[in-house]
Amino acid sequence: MASRKAKKKAGSMRAKRVTSNVFAMFSSEQIQEFKEAFTWIDQNHDGFLQPDDLKGVFSELNKDPGGDGIDKMMADAPGPINFTCFLTIMGRKLKGVDTEEVMLDAFKILDPDETGKVSVETIKELLVSGGEKFTDDELKSAFDGAPIEDGNLDYIKYCKIVKRGED
């Protein structure tokens, strides 16, 4: 029978389990949505996201990830991408995203009359002339599905859509 020291030494050869607080970063509804997305992406249903899974998703969406796009996405992960790793990556990606309140405050600067609306042309002008200038494709993407009426963006609804999804 092996001694405790020998068992301990042998046990240290295995990968150590790291406890993660990733589940505390999201509400149960968000976790469920991420689980649904993960299941959809995991096209071969093996519990891990592989390059072929991502290729299948891009194909279904009629999108081209670019020559090394999938490799770059896979490089975001420290190893095989199971659901917990997927959540960790999503948490890392979303961590730098402004809160709804910060977004609303930014729009309010452009809305001195506090109507909840801002001219789309004003926003476009700022986005193409500011620090990191938006391309035409980026502008189109930014306003895709945005609540625009009579040339004005309803930024209150827009911020809700961006932060919480379609209402």
# chains A, B, ... in the order shown; residues from 1 in each chain; ligands from 1
$ residues_around --residues "Ser141 (chain A)" --least-positions-apart "6" --cutoff "12 Å" --atoms "only C-alpha atoms" --output "MDAnalysis selection string"
chainID A and resid 124 134:135
$ residues_around --residues "region 59-76 of chain A" --least-positions-apart "3" --cutoff "12 Å" --atoms "only C-alpha atoms" --output "compact mmCIF listing (two decimals) with C-alpha atoms, in the first residue's frame"
# COMPACT_ATOMS: atom_id res chain seq x y z
CA TRP A 40 -26.45 25.34 -31.30
CA ILE A 41 -22.77 25.99 -32.02
CA GLN A 43 -22.91 20.93 -34.08
CA PHE A 48 -16.84 20.81 -26.91
CA LEU A 49 -16.59 23.56 -29.51
CA GLN A 50 -14.20 22.60 -32.31
CA PRO A 51 -13.12 24.48 -35.46
CA ASP A 52 -15.52 22.34 -37.53
CA ASP A 53 -18.41 23.44 -35.28
CA LEU A 54 -17.57 27.09 -35.93
CA LYS A 55 -17.21 26.48 -39.67
CA GLY A 56 -20.68 24.92 -39.67
CA GLY A 79 -7.72 24.71 -24.10
CA PRO A 80 -10.74 22.68 -25.17
CA ILE A 81 -13.89 24.78 -25.11
CA ASN A 82 -16.55 23.17 -22.95
CA CYS A 85 -14.83 27.71 -20.80
CA PHE A 86 -17.37 29.19 -23.25
CA THR A 88 -15.58 32.35 -19.24
CA ILE A 89 -14.75 33.60 -22.74
CA MET A 90 -18.13 35.32 -23.02
CA ARG A 92 -14.19 38.18 -20.68
CA LYS A 93 -15.59 39.56 -23.94
$ atom_distance --atom1 "CA of Cys159 (chain A)" --atom2 "CA of Lys108 (chain A)"
11.8 Å
$ closest_residue --among "A:Asp46, A:Glu36, A:Glu100, A:Asp150" --to "Arg164 (chain A)" --atoms "only C-alpha atoms"
A:Glu100
$ select_by_dssp --residues "region 11-134 of chain A" --states "strand (DSSP E or B)" --output "list in words"
Leu49, Ile81, Lys117, Val118 and Ser119 of chain A
$ closest_atom_pairs --of "region 142-161 of chain A" --to "region 109-115 of chain A" --cutoff "10 Å" --atoms "only C-alpha atoms" --output "CSV"
residue,atom,partner,partner_atom,distance
A:Asp154,CA,A:Thr115,CA,8.8
A:Tyr155,CA,A:Thr115,CA,9.6
A:Ile156,CA,A:Thr115,CA,9.8
$ write_last_selection --atoms "N, CA and C atoms" --output "PDB file, in the first residue's frame"
ATOM      1  N   ASP A 154     -34.382  56.016 -31.419  1.00  0.00           N
ATOM      2  CA  ASP A 154     -34.923  55.967 -30.054  1.00  0.00           C
ATOM      3  C   ASP A 154     -33.841  55.287 -29.220  1.00  0.00           C
ATOM      4  N   TYR A 155     -32.955  56.093 -28.623  1.00  0.00           N
ATOM      5  CA  TYR A 155     -31.789  55.526 -27.950  1.00  0.00           C
ATOM      6  C   TYR A 155     -32.136  54.774 -26.666  1.00  0.00           C
ATOM      7  N   ILE A 156     -33.252  55.052 -26.064  1.00  0.00           N
ATOM      8  CA  ILE A 156     -33.644  54.313 -24.857  1.00  0.00           C
ATOM      9  C   ILE A 156     -33.958  52.873 -25.240  1.00  0.00           C
TER      10      ILE A 156
END
$ atom_distance --atom1 "CA of Gly145 (chain A)" --atom2 "CA of Met25 (chain A)"
27.2 Å
$ select_by_dssp --residues "chain A" --states "alpha helix (DSSP H)" --output "PyMOL selection string"
chain A and resi 4-11+28-41+51-60+69-75+83-95+100-109+120-129+136-143+155-164
$ closest_residue --among "A:Leu87, A:Val57, A:Ala106, A:Ala77" --to "Phe23 (chain A)" --atoms "only C-alpha atoms"
A:Leu87
$ atom_distance --atom1 "CA of Val128 (chain A)" --atom2 "CA of Phe107 (chain A)"
16.4 Å
